[in-house]
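Colleague: Sending over a structure as structure tokens; questions will come in a sec.
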Amino acid sequence: MSISSTVPTMNARDMEFQLFEVLGVEGLTDRPDYAEHDAISLRATLDVARQIAADKFQTHYREADLSEPVLENGKVRLLPQVKEALDAFCEAGFMNADRPLDEGGMSLPFSVYQACLACFQAANVGTSSYNFLTFSGANVIRSFGTEDQKRLYMNPMLEGRFLGTMCLSEPQAGSGLADIRTRAVPQADGSYLLKGSKMWISAGHHELSENIVHLVLARIDGAPPGTRGISLFIVPRRRVEDDGGAGGVTGQDNDISVVGLNHKMGYRATVNALLNFGENDACRAELLGEPNKGLSHMFFMMNEARISVGVGAAMLGVAGHLYSREYALTRHQGRHPGAKDPALPPVPIIEHADVRRMLLTQKSYAEGALALCLYAATLVDDMRTAETGAAREHASLLLEFLTPIVKSWPSEFCLEANKLAIQVLGGYGYTRDYPVEQFYRDNRLNMIHEGTNGIQAVDLVGRKIRLKDGAALEAVLSEIEAEIGAGHGTRTAGHARQLERAIGDVRACSNALRQLDDDMRLQTANAPYYLDMLGHVIVAWMWLRQARVAAAALTAGVSEAEESFYEGKLAACRYFFEYELGRTEHWGRILTSQNDLFLRVHSDWC
């Protein structure tokens, strides 16, 4: 069974609630950067995104999974619908929608742009990734490239003529970037010859575009060891010639060969390749930015990609919840406990408490994760356009601290949501006749790519909690305390008090971790539990924000349909506080006791 057109993969009402009622994004149009828009135009843009996503992306979601990429005679064969979808995305202007009008964009607030992109990720996360990698790469070139590099590479990328990748990992190094071996040999004309291999390269080889622009981490001969000696290079699949126009013209092949494709559990619409650069010593590269600053330049792209990972994970959680809820409403099986008469008709399975438990858990994870991701997107808007430098700095500090959580919490807990969606369908959920198993397989990648969740946790504990002498953590906790003090009625006041206690636990755990600065191994040994703990507290904050708005709407009076929507928000909030937030106490005990089990356990015992 394909994804039924009657079961959308995103909840348009919830997206509008998050953007306009909780975040108040229409207020951004008062800023000069977004003055071209109003609430009507923002909603209209979202409608266009939803329509293209439904018509061009969702329609081949299952087929792309069943017909994974194939390498034939050095070329990758993909479904033709993938290119059709990407072309429609570009033609509608979404490749560059958050850029100013004078740069060919729509001057769309980043938060609304991210919501538009979420529509495509919900419909087909694999096909969406080609464009995501491309405009993220274009943004790196915009930030660090020369005017010629912007003209020859960035412009064609934003037009959709060239697509992009980022090439970090190598077969022998994986996430250990300090150990990469790809070499860059300086040439007399200022270019470099590149030689090495890169593994797990999403969108690394295909015929979807005129050219592919690889952003590659490599080490210039003679550079310092470790991460201090890594530089970033622009390496096109085919060399780019300058014809004096606005963009580059594709020339001859640039000595990049595809060794093979990785056969993935999910995300199959996105080709994933092992690439060799410079087998014939003829792979030309251009330095992007400063020598030996490549990792910081690439992290500019990766941090943007990490927000995208969080949104994609959240939307797969949303899609699974919507599908399993629709199934539970229409599937009749069993009778209420205590109903002894076998002649009674079976009831819809949503009548069973355990099914409602699974649906409400999914809702709390998925809609909580989406709220977190969209909040992070508004921080990007504030970084770019807030009225004062202090406000822009504050937003930057919040976002830098929250990014590991934005990437990791949705990919961890929305995968759990997808697991529950399968369970709601029972045996049917475990078959390929229904999409929930594909949602799960696709979402499983999000815990791995753009820095595994474990790496994000180590970064959070090892660096982020002491960022600006702890000011970043305190900035986040102060924002939560401001919500607690915002004034809560009878339906949310108890949750506010509970969250206040949880903040105290976060401070205690953070202080305990900071006391271990001289023992980094012990300090980071339980880092994933700190990430989960802090993530749960932050998502509880997101739910308290939503619940306050929902309670106010109900007090003001709404239609019957709207009443159901807002009551659903309050129910999901209540679930998260009563069933989920208490888990932070357990994680807190592990952290404050400075448990060293994982350091003392012998490798033979694992």
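Residues are referred to by chain and number: the chain letter is A, B, ... according to the order shown in the structure tokens, the number counts from 1 in that chain, and ligands are numbered separately from 1 in the order shown.
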Quick one: contact table of segment 260-376 of chain A to segment 184-197 of chain A, 8 Å max, nearest atom pair and distance in Å to one decimal per residue, counting only C-alpha atoms, chain and number order, as a tab-separated table?

Modeller:
```
residue	atom	partner	partner_atom	distance
A:Leu274	CA	A:Ser197	CA	7.2
A:Leu275	CA	A:Ser197	CA	5.6
A:Asn276	CA	A:Ser197	CA	4.5
A:Phe277	CA	A:Lys195	CA	5.1
A:Gly278	CA	A:Lys195	CA	4.6
A:Glu279	CA	A:Lys195	CA	7.0
A:Asp281	CA	A:Leu193	CA	6.9
A:Ala282	CA	A:Leu193	CA	6.5
A:Cys283	CA	A:Leu194	CA	5.4
A:Arg284	CA	A:Leu193	CA	4.9
A:Ala285	CA	A:Tyr192	CA	5.1
A:Glu286	CA	A:Ser191	CA	5.3
A:Leu287	CA	A:Ser191	CA	7.2
```

Colleague: Could you take the residues named above and write them with N, CA and C atoms, as a tab-separated table (two decimals), in the first residue's frame?

Modeller:
```tsv
chain	number	residue	atom	x	y	z
A	274	LEU	N	31.16	5.75	-2.18
A	274	LEU	CA	32.59	5.82	-1.87
A	274	LEU	C	33.27	6.42	-3.10
A	275	LEU	N	33.96	7.55	-2.90
A	275	LEU	CA	34.57	8.28	-4.00
A	275	LEU	C	36.09	8.28	-3.87
A	276	ASN	N	36.76	8.13	-5.00
A	276	ASN	CA	38.21	8.31	-5.08
A	276	ASN	C	38.52	9.61	-5.83
A	277	PHE	N	39.34	10.43	-5.24
A	277	PHE	CA	39.77	11.68	-5.85
A	277	PHE	C	41.22	11.54	-6.31
A	278	GLY	N	41.46	11.84	-7.59
A	278	GLY	CA	42.83	11.92	-8.08
A	278	GLY	C	43.52	10.60	-8.34
A	279	GLU	N	42.79	9.59	-8.79
A	279	GLU	CA	43.44	8.31	-9.12
A	279	GLU	C	44.48	8.50	-10.23
A	281	ASP	N	46.01	11.47	-10.71
A	281	ASP	CA	46.75	12.69	-10.34
A	281	ASP	C	46.30	13.91	-11.12
A	282	ALA	N	44.99	13.98	-11.39
A	282	ALA	CA	44.49	15.09	-12.20
A	282	ALA	C	43.22	15.71	-11.60
A	283	CYS	N	43.03	15.58	-10.28
A	283	CYS	CA	41.84	16.13	-9.64
A	283	CYS	C	42.15	17.54	-9.13
A	284	ARG	N	41.61	18.54	-9.80
A	284	ARG	CA	41.86	19.94	-9.47
A	284	ARG	C	40.89	20.42	-8.38
A	285	ALA	N	41.44	21.18	-7.42
A	285	ALA	CA	40.64	21.69	-6.32
A	285	ALA	C	40.99	23.15	-6.08
A	286	GLU	N	40.01	23.88	-5.51
A	286	GLU	CA	40.23	25.27	-5.12
A	286	GLU	C	40.06	25.39	-3.62
A	287	LEU	N	41.00	26.06	-2.97
A	287	LEU	CA	40.89	26.31	-1.54
A	287	LEU	C	39.69	27.21	-1.27
```

Colleague: I'd like to know which residues of segment 271-505 of chain A are strand (DSSP E or B) (by DSSP, run on the backbone); could you write them as a PyMOL selection string?

Modeller: chain A and resi 272-277+284-287+332+348

Colleague: With only C-alpha atoms as the atoms that count, which of A:Ser202, A:Gln121, A:Ser175, A:Thr146 lies nearest to His214 of chain A?

Modeller: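 Nearest to His214 of chain A: A:Ser202.
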
Colleague: Under the rule that only C-alpha atoms are counted, which of A:Glu304, A:Ala246, A:Arg13, A:Arg50 is the nearest residue to Thr134 of chain A?

Modeller: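 Of A:Glu304, A:Ala246, A:Arg13, A:Arg50, the one nearest Thr134 of chain A is A:Glu304, counting only C-alpha atoms.
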
Colleague: Just checking: using only C-alpha atoms, which residue out of A:Glu585, A:Leu516, A:Ser296, A:Gly487 ends up closest to Arg548 of chain A?

Modeller: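 Counting only C-alpha atoms, the residue closest to Arg548 of chain A is A:Gly487.
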
Colleague: Applying 12 Å and only C-alpha atoms, which residues near Met447 of chain A remain after dropping the ones on its own chain fewer than 4 positions away? List them as a PyMOL selection string.

Modeller: chain A and resi 306+309-310+312-313+404-416+440-443+451-457

Colleague: Taking N, CA, C and O atoms for each residue, export the selection above as a compact mmCIF listing (two decimals), in the first residue's frame.

Modeller:
```
# COMPACT_ATOMS: atom_id res chain seq x y z
N ARG A 306 22.59 20.09 10.71
CA ARG A 306 22.09 19.45 11.93
C ARG A 306 20.68 19.91 12.28
O ARG A 306 19.89 19.11 12.78
N VAL A 309 18.61 17.88 10.01
CA VAL A 309 18.46 16.50 10.51
C VAL A 309 17.36 16.44 11.56
O VAL A 309 16.50 15.56 11.54
N GLY A 310 17.38 17.41 12.49
CA GLY A 310 16.35 17.42 13.52
C GLY A 310 14.96 17.58 12.93
O GLY A 310 14.02 16.88 13.33
N GLY A 312 14.00 16.79 9.85
CA GLY A 312 13.66 15.57 9.14
C GLY A 312 13.22 14.47 10.07
O GLY A 312 12.23 13.75 9.81
N ALA A 313 13.93 14.32 11.19
CA ALA A 313 13.55 13.30 12.17
C ALA A 313 12.18 13.60 12.76
O ALA A 313 11.34 12.69 12.92
N PRO A 404 23.36 20.75 19.24
CA PRO A 404 23.48 19.30 19.45
C PRO A 404 22.16 18.65 19.88
O PRO A 404 21.88 17.50 19.52
N ILE A 405 21.35 19.38 20.64
CA ILE A 405 20.07 18.84 21.10
C ILE A 405 19.06 18.84 19.97
O ILE A 405 18.27 17.89 19.81
N VAL A 406 19.07 19.90 19.15
CA VAL A 406 18.16 19.98 18.01
C VAL A 406 18.41 18.82 17.05
O VAL A 406 17.47 18.25 16.47
N LYS A 407 19.66 18.45 16.88
CA LYS A 407 19.99 17.32 16.01
C LYS A 407 19.64 15.98 16.66
O LYS A 407 19.06 15.09 16.03
N SER A 408 19.98 15.82 17.93
CA SER A 408 19.99 14.49 18.54
C SER A 408 18.66 14.09 19.17
O SER A 408 18.25 12.93 19.05
N TRP A 409 18.00 15.01 19.89
CA TRP A 409 16.78 14.60 20.59
C TRP A 409 15.69 14.13 19.61
O TRP A 409 15.10 13.06 19.82
N PRO A 410 15.40 14.89 18.55
CA PRO A 410 14.40 14.38 17.61
C PRO A 410 14.80 13.06 16.96
O PRO A 410 13.94 12.18 16.76
N SER A 411 16.07 12.90 16.63
CA SER A 411 16.47 11.66 15.95
C SER A 411 16.43 10.47 16.89
O SER A 411 16.25 9.33 16.43
N GLU A 412 16.58 10.70 18.18
CA GLU A 412 16.47 9.61 19.17
C GLU A 412 15.01 9.28 19.45
O GLU A 412 14.59 8.13 19.37
N PHE A 413 14.23 10.28 19.79
CA PHE A 413 12.89 10.01 20.32
C PHE A 413 11.83 9.95 19.23
O PHE A 413 10.79 9.30 19.44
N CYS A 414 12.06 10.56 18.08
CA CYS A 414 11.10 10.36 16.99
C CYS A 414 11.30 9.00 16.33
O CYS A 414 10.37 8.47 15.71
N LEU A 415 12.48 8.42 16.48
CA LEU A 415 12.64 7.03 16.08
C LEU A 415 11.82 6.13 17.00
O LEU A 415 11.19 5.16 16.54
N GLU A 416 11.81 6.46 18.28
CA GLU A 416 10.94 5.73 19.21
C GLU A 416 9.48 5.90 18.81
O GLU A 416 8.69 4.95 18.89
N TYR A 440 10.41 4.27 9.84
CA TYR A 440 11.38 3.85 10.85
C TYR A 440 12.77 3.68 10.23
O TYR A 440 13.77 4.19 10.76
N ARG A 441 12.85 2.97 9.11
CA ARG A 441 14.16 2.72 8.49
C ARG A 441 14.80 4.03 8.03
O ARG A 441 16.01 4.22 8.18
N ASP A 442 14.01 4.93 7.47
CA ASP A 442 14.56 6.21 7.04
C ASP A 442 15.05 7.03 8.24
O ASP A 442 16.10 7.67 8.18
N ASN A 443 14.29 6.99 9.32
CA ASN A 443 14.65 7.81 10.48
C ASN A 443 15.88 7.26 11.21
O ASN A 443 16.57 8.01 11.90
N GLY A 451 27.30 13.81 12.45
CA GLY A 451 27.81 13.67 13.81
C GLY A 451 26.86 12.82 14.61
O GLY A 451 25.73 13.21 14.88
N THR A 452 27.29 11.62 15.00
CA THR A 452 26.42 10.70 15.73
C THR A 452 25.91 11.36 17.01
O THR A 452 26.50 12.31 17.53
N ASN A 453 24.82 10.80 17.54
CA ASN A 453 24.29 11.36 18.78
C ASN A 453 25.31 11.30 19.91
O ASN A 453 25.36 12.18 20.77
N GLY A 454 26.15 10.26 19.93
CA GLY A 454 27.19 10.17 20.95
C GLY A 454 28.19 11.30 20.82
O GLY A 454 28.65 11.86 21.83
N ILE A 455 28.56 11.64 19.59
CA ILE A 455 29.49 12.75 19.37
C ILE A 455 28.85 14.08 19.79
O ILE A 455 29.51 14.94 20.40
N GLN A 456 27.57 14.25 19.49
CA GLN A 456 26.87 15.46 19.92
C GLN A 456 26.85 15.56 21.44
O GLN A 456 27.02 16.66 22.01
N ALA A 457 26.67 14.43 22.12
CA ALA A 457 26.63 14.43 23.59
C ALA A 457 27.98 14.81 24.17
O ALA A 457 28.06 15.59 25.13
```

Colleague: Among segment 241-326 of chain A, which ones does DSSP assign to alpha helix (DSSP H) (computed from the backbone)? Answer as a CSV table (one decimal) with N, CA, C and O atoms, in the first residue's frame.

Modeller:
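For reference, result.csv as written:
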```csv
chain,number,residue,atom,x,y,z
A,294,GLY,N,39.6,24.6,7.7
A,294,GLY,CA,38.6,23.9,7.0
A,294,GLY,C,37.5,23.4,7.8
A,294,GLY,O,36.3,23.3,7.5
A,295,LEU,N,37.9,22.9,9.0
A,295,LEU,CA,36.9,22.3,9.9
A,295,LEU,C,35.9,23.3,10.4
A,295,LEU,O,34.7,23.1,10.4
A,296,SER,N,36.4,24.5,10.8
A,296,SER,CA,35.4,25.5,11.2
A,296,SER,C,34.6,26.0,10.1
A,296,SER,O,33.4,26.3,10.2
A,297,HIS,N,35.1,26.1,8.8
A,297,HIS,CA,34.3,26.4,7.7
A,297,HIS,C,33.2,25.4,7.4
A,297,HIS,O,32.1,25.7,7.1
A,298,MET,N,33.6,24.1,7.5
A,298,MET,CA,32.7,23.0,7.2
A,298,MET,C,31.6,22.9,8.3
A,298,MET,O,30.5,22.6,8.0
A,299,PHE,N,32.0,23.3,9.5
A,299,PHE,CA,31.0,23.2,10.6
A,299,PHE,C,29.9,24.3,10.4
A,299,PHE,O,28.8,24.1,10.9
A,300,PHE,N,30.2,25.3,9.7
A,300,PHE,CA,29.2,26.3,9.3
A,300,PHE,C,28.1,25.6,8.5
A,300,PHE,O,26.9,25.8,8.7
A,301,MET,N,28.5,24.7,7.6
A,301,MET,CA,27.5,23.9,6.8
A,301,MET,C,26.9,22.8,7.7
A,301,MET,O,25.7,22.6,7.6
A,302,MET,N,27.7,22.2,8.5
A,302,MET,CA,27.2,21.1,9.3
A,302,MET,C,26.2,21.5,10.3
A,302,MET,O,25.2,20.8,10.6
A,303,ASN,N,26.4,22.7,10.9
A,303,ASN,CA,25.4,23.2,11.9
A,303,ASN,C,24.1,23.4,11.3
A,303,ASN,O,23.0,23.1,11.9
A,304,GLU,N,24.1,24.0,10.1
A,304,GLU,CA,22.8,24.1,9.3
A,304,GLU,C,22.2,22.8,9.0
A,304,GLU,O,21.0,22.6,9.1
A,305,ALA,N,23.1,21.8,8.6
A,305,ALA,CA,22.6,20.5,8.3
A,305,ALA,C,22.0,19.8,9.5
A,305,ALA,O,21.1,19.0,9.4
A,306,ARG,N,22.6,20.1,10.7
A,306,ARG,CA,22.1,19.5,11.9
A,306,ARG,C,20.7,19.9,12.3
A,306,ARG,O,19.9,19.1,12.8
A,307,ILE,N,20.4,21.2,12.0
A,307,ILE,CA,19.0,21.6,12.2
A,307,ILE,C,18.1,20.9,11.2
A,307,ILE,O,17.0,20.4,11.6
A,308,SER,N,18.6,20.7,10.0
A,308,SER,CA,17.8,20.0,9.0
A,308,SER,C,17.6,18.5,9.4
A,308,SER,O,16.5,17.9,9.2
A,309,VAL,N,18.6,17.9,10.0
A,309,VAL,CA,18.5,16.5,10.5
A,309,VAL,C,17.4,16.4,11.6
A,309,VAL,O,16.5,15.6,11.5
A,310,GLY,N,17.4,17.4,12.5
A,310,GLY,CA,16.3,17.4,13.5
A,310,GLY,C,15.0,17.6,12.9
A,310,GLY,O,14.0,16.9,13.3
A,311,VAL,N,14.8,18.5,12.0
A,311,VAL,CA,13.5,18.7,11.3
A,311,VAL,C,13.1,17.4,10.6
A,311,VAL,O,11.9,17.0,10.7
A,312,GLY,N,14.0,16.8,9.9
A,312,GLY,CA,13.7,15.6,9.1
A,312,GLY,C,13.2,14.5,10.1
A,312,GLY,O,12.2,13.8,9.8
A,313,ALA,N,13.9,14.3,11.2
A,313,ALA,CA,13.6,13.3,12.2
A,313,ALA,C,12.2,13.6,12.8
A,313,ALA,O,11.3,12.7,12.9
A,314,ALA,N,11.9,14.9,13.1
A,314,ALA,CA,10.6,15.3,13.6
A,314,ALA,C,9.5,15.0,12.7
A,314,ALA,O,8.5,14.4,13.0
A,315,MET,N,9.7,15.3,11.4
A,315,MET,CA,8.7,15.1,10.4
A,315,MET,C,8.4,13.6,10.1
A,315,MET,O,7.3,13.2,9.8
A,316,LEU,N,9.4,12.8,10.2
A,316,LEU,CA,9.2,11.3,10.1
A,316,LEU,C,8.4,10.8,11.3
A,316,LEU,O,7.5,10.0,11.1
A,317,GLY,N,8.7,11.4,12.4
A,317,GLY,CA,7.8,11.1,13.6
A,317,GLY,C,6.4,11.5,13.4
A,317,GLY,O,5.5,10.8,13.8
A,318,VAL,N,6.2,12.7,12.9
A,318,VAL,CA,4.9,13.3,12.6
A,318,VAL,C,4.1,12.4,11.6
A,318,VAL,O,3.0,12.0,11.8
A,319,ALA,N,4.9,12.0,10.5
A,319,ALA,CA,4.2,11.1,9.5
A,319,ALA,C,3.8,9.8,10.1
A,319,ALA,O,2.7,9.3,9.8
A,320,GLY,N,4.6,9.2,10.9
A,320,GLY,CA,4.3,7.9,11.5
A,320,GLY,C,3.1,8.0,12.4
A,320,GLY,O,2.2,7.2,12.5
A,321,HIS,N,3.1,9.1,13.2
A,321,HIS,CA,1.9,9.3,14.1
A,321,HIS,C,0.6,9.5,13.3
A,321,HIS,O,-0.4,8.9,13.7
A,322,LEU,N,0.7,10.3,12.3
A,322,LEU,CA,-0.6,10.6,11.5
A,322,LEU,C,-1.1,9.3,10.9
A,322,LEU,O,-2.3,9.0,10.9
A,323,TYR,N,-0.2,8.5,10.3
A,323,TYR,CA,-0.6,7.3,9.7
A,323,TYR,C,-1.2,6.3,10.7
A,323,TYR,O,-2.2,5.7,10.4
A,324,SER,N,-0.5,6.1,11.8
A,324,SER,CA,-0.9,5.1,12.7
A,324,SER,C,-2.2,5.5,13.4
A,324,SER,O,-3.1,4.7,13.8
A,325,ARG,N,-2.4,6.8,13.6
A,325,ARG,CA,-3.6,7.3,14.2
A,325,ARG,C,-4.8,7.1,13.2
A,325,ARG,O,-5.9,6.6,13.7
A,326,GLU,N,-4.6,7.3,11.9
A,326,GLU,CA,-5.7,7.1,11.0
A,326,GLU,C,-6.0,5.6,10.9
A,326,GLU,O,-7.2,5.2,10.9
```

Colleague: Could you list, as a ChimeraX atom specification, every residue within 12 Å of Glu563 of chain A, counting only C-alpha atoms and ignoring same-chain residues fewer than 5 positions away?

Modeller: /A:550-558,568-570

Colleague: If I take atom CA of Leu261 of chain A and atom CA of Met199 of chain A, how far is one from the other in Å, to one decimal?

Modeller: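 Those two atoms sit 9.6 Å apart.
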
Colleague: Between atom CA of His352 of chain A and atom CA of Tyr365 of chain A, what is the distance in Å, rounded to a tenth?

Modeller: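 Separating atom CA of His352 of chain A from atom CA of Tyr365 of chain A is a distance of 20.4 Å.
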
Colleague: How many Å separate atom CA of Met154 of chain A from atom CA of Ala395 of chain A?

Modeller: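 Computing it gives 26.9 Å between the two atoms.
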
Colleague: So which one's closest to Phe162 of chain A, A:Pro348, A:Pro528, A:Gly462, A:Gly247? Using only C-alpha atoms, please.

Modeller: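 Of A:Pro348, A:Pro528, A:Gly462, A:Gly247, the one nearest Phe162 of chain A, counting only C-alpha atoms, is A:Gly247.
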
Colleague: So which residues touch Tyr113 of chain A within 9 Å, counting only C-alpha atoms, skipping near sequence neighbours fewer than 3 positions away, as number ranges by chain?

Modeller: A: 45-46, 94, 97-98, 108-110, 116-118, 377

Colleague: Just all heavy atoms for this one: save the residues we selected as a PDB file, in the first residue's frame.

Modeller:
```pdb
ATOM      1  N   THR A  45       2.975  30.826   0.855  1.00  0.00           N
ATOM      2  CA  THR A  45       4.218  30.122   0.522  1.00  0.00           C
ATOM      3  C   THR A  45       4.213  28.721   1.114  1.00  0.00           C
ATOM      4  O   THR A  45       4.636  27.756   0.462  1.00  0.00           O
ATOM      5  CB  THR A  45       5.428  30.920   1.033  1.00  0.00           C
ATOM      6  OG1 THR A  45       5.360  32.256   0.529  1.00  0.00           O
ATOM      7  CG2 THR A  45       6.729  30.276   0.577  1.00  0.00           C
ATOM      8  N   LEU A  46       3.721  28.607   2.340  1.00  0.00           N
ATOM      9  CA  LEU A  46       3.605  27.273   2.950  1.00  0.00           C
ATOM     10  C   LEU A  46       2.660  26.379   2.159  1.00  0.00           C
ATOM     11  O   LEU A  46       2.931  25.182   1.979  1.00  0.00           O
ATOM     12  CB  LEU A  46       3.097  27.403   4.390  1.00  0.00           C
ATOM     13  CG  LEU A  46       4.128  27.797   5.444  1.00  0.00           C
ATOM     14  CD1 LEU A  46       3.431  28.246   6.727  1.00  0.00           C
ATOM     15  CD2 LEU A  46       5.044  26.612   5.735  1.00  0.00           C
ATOM     16  N   PHE A  94      12.486  27.513  -4.099  1.00  0.00           N
ATOM     17  CA  PHE A  94      12.800  27.111  -2.735  1.00  0.00           C
ATOM     18  C   PHE A  94      14.290  26.865  -2.484  1.00  0.00           C
ATOM     19  O   PHE A  94      14.705  26.741  -1.342  1.00  0.00           O
ATOM     20  CB  PHE A  94      11.990  25.870  -2.345  1.00  0.00           C
ATOM     21  CG  PHE A  94      10.547  26.170  -2.077  1.00  0.00           C
ATOM     22  CD1 PHE A  94       9.553  25.698  -2.926  1.00  0.00           C
ATOM     23  CD2 PHE A  94      10.181  26.947  -1.001  1.00  0.00           C
ATOM     24  CE1 PHE A  94       8.213  25.997  -2.693  1.00  0.00           C
ATOM     25  CE2 PHE A  94       8.851  27.252  -0.754  1.00  0.00           C
ATOM     26  CZ  PHE A  94       7.869  26.771  -1.600  1.00  0.00           C
ATOM     27  N   ALA A  97      15.124  30.508  -1.071  1.00  0.00           N
ATOM     28  CA  ALA A  97      13.976  31.306  -0.637  1.00  0.00           C
ATOM     29  C   ALA A  97      14.263  32.209   0.549  1.00  0.00           C
ATOM     30  O   ALA A  97      13.591  33.227   0.734  1.00  0.00           O
ATOM     31  CB  ALA A  97      12.801  30.384  -0.301  1.00  0.00           C
ATOM     32  N   ASP A  98      15.247  31.872   1.375  1.00  0.00           N
ATOM     33  CA  ASP A  98      15.514  32.701   2.546  1.00  0.00           C
ATOM     34  C   ASP A  98      16.530  33.803   2.269  1.00  0.00           C
ATOM     35  O   ASP A  98      16.898  34.543   3.179  1.00  0.00           O
ATOM     36  CB  ASP A  98      15.983  31.844   3.716  1.00  0.00           C
ATOM     37  CG  ASP A  98      17.342  31.210   3.485  1.00  0.00           C
ATOM     38  OD1 ASP A  98      17.632  30.873   2.322  1.00  0.00           O
ATOM     39  OD2 ASP A  98      18.105  31.049   4.455  1.00  0.00           O
ATOM     40  N   LEU A 108      12.387  35.292   2.571  1.00  0.00           N
ATOM     41  CA  LEU A 108      11.513  34.550   3.477  1.00  0.00           C
ATOM     42  C   LEU A 108      12.211  34.392   4.827  1.00  0.00           C
ATOM     43  O   LEU A 108      13.403  34.077   4.874  1.00  0.00           O
ATOM     44  CB  LEU A 108      11.218  33.175   2.881  1.00  0.00           C
ATOM     45  CG  LEU A 108       9.968  32.428   3.339  1.00  0.00           C
ATOM     46  CD1 LEU A 108       8.719  33.191   2.937  1.00  0.00           C
ATOM     47  CD2 LEU A 108       9.954  31.025   2.731  1.00  0.00           C
ATOM     48  N   PRO A 109      11.518  34.641   5.936  1.00  0.00           N
ATOM     49  CA  PRO A 109      12.136  34.347   7.237  1.00  0.00           C
ATOM     50  C   PRO A 109      12.614  32.894   7.290  1.00  0.00           C
ATOM     51  O   PRO A 109      11.935  31.999   6.768  1.00  0.00           O
ATOM     52  CB  PRO A 109      10.997  34.595   8.225  1.00  0.00           C
ATOM     53  CG  PRO A 109      10.085  35.549   7.537  1.00  0.00           C
ATOM     54  CD  PRO A 109      10.151  35.187   6.081  1.00  0.00           C
ATOM     55  N   PHE A 110      13.756  32.679   7.913  1.00  0.00           N
ATOM     56  CA  PHE A 110      14.320  31.336   7.948  1.00  0.00           C
ATOM     57  C   PHE A 110      13.371  30.356   8.634  1.00  0.00           C
ATOM     58  O   PHE A 110      13.283  29.192   8.236  1.00  0.00           O
ATOM     59  CB  PHE A 110      15.669  31.346   8.663  1.00  0.00           C
ATOM     60  CG  PHE A 110      16.363  30.005   8.652  1.00  0.00           C
ATOM     61  CD1 PHE A 110      17.059  29.585   7.533  1.00  0.00           C
ATOM     62  CD2 PHE A 110      16.303  29.165   9.757  1.00  0.00           C
ATOM     63  CE1 PHE A 110      17.685  28.336   7.508  1.00  0.00           C
ATOM     64  CE2 PHE A 110      16.932  27.926   9.745  1.00  0.00           C
ATOM     65  CZ  PHE A 110      17.626  27.511   8.620  1.00  0.00           C
ATOM     66  N   CYS A 116       8.667  25.306   5.393  1.00  0.00           N
ATOM     67  CA  CYS A 116       8.436  24.871   4.011  1.00  0.00           C
ATOM     68  C   CYS A 116       9.269  23.630   3.699  1.00  0.00           C
ATOM     69  O   CYS A 116       8.766  22.651   3.119  1.00  0.00           O
ATOM     70  CB  CYS A 116       8.785  25.988   3.031  1.00  0.00           C
ATOM     71  SG  CYS A 116       7.683  27.405   3.063  1.00  0.00           S
ATOM     72  N   LEU A 117      10.533  23.661   4.085  1.00  0.00           N
ATOM     73  CA  LEU A 117      11.401  22.516   3.827  1.00  0.00           C
ATOM     74  C   LEU A 117      10.909  21.280   4.560  1.00  0.00           C
ATOM     75  O   LEU A 117      11.053  20.151   4.064  1.00  0.00           O
ATOM     76  CB  LEU A 117      12.834  22.849   4.249  1.00  0.00           C
ATOM     77  CG  LEU A 117      13.498  24.020   3.512  1.00  0.00           C
ATOM     78  CD1 LEU A 117      14.897  24.269   4.058  1.00  0.00           C
ATOM     79  CD2 LEU A 117      13.546  23.772   2.015  1.00  0.00           C
ATOM     80  N   ALA A 118      10.310  21.484   5.729  1.00  0.00           N
ATOM     81  CA  ALA A 118       9.769  20.348   6.481  1.00  0.00           C
ATOM     82  C   ALA A 118       8.682  19.623   5.692  1.00  0.00           C
ATOM     83  O   ALA A 118       8.530  18.401   5.814  1.00  0.00           O
ATOM     84  CB  ALA A 118       9.209  20.837   7.817  1.00  0.00           C
ATOM     85  N   ALA A 377      14.959  27.595  14.517  1.00  0.00           N
ATOM     86  CA  ALA A 377      14.941  28.351  13.260  1.00  0.00           C
ATOM     87  C   ALA A 377      14.664  29.827  13.506  1.00  0.00           C
ATOM     88  O   ALA A 377      15.211  30.701  12.819  1.00  0.00           O
ATOM     89  CB  ALA A 377      13.905  27.766  12.309  1.00  0.00           C
TER      90      ALA A 377
END
```

Colleague: Using only C-alpha atoms, what table do you get, as JSON lines, when you list each residue of segment 205-286 of chain A with an atom no more than 12 Å from segment 85-91 of chain A, its nearest pair of atoms, and their distance in Å rounded to one decimal, rows by chain then rising number?

Modeller:
```
{"residue": "A:Leu208", "atom": "CA", "partner": "A:Leu86", "partner_atom": "CA", "distance": 8.6}
{"residue": "A:Ser209", "atom": "CA", "partner": "A:Asp87", "partner_atom": "CA", "distance": 9.7}
{"residue": "A:Ala269", "atom": "CA", "partner": "A:Ala85", "partner_atom": "CA", "distance": 11.7}
```

Colleague: Which residue is closest to Asp14 of chain A? Choose from A:Leu591, A:Ala366, A:Val537, A:Val216 and count only C-alpha atoms.

Modeller: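 Using only C-alpha atoms, the shortest distance to Asp14 of chain A belongs to A:Ala366.
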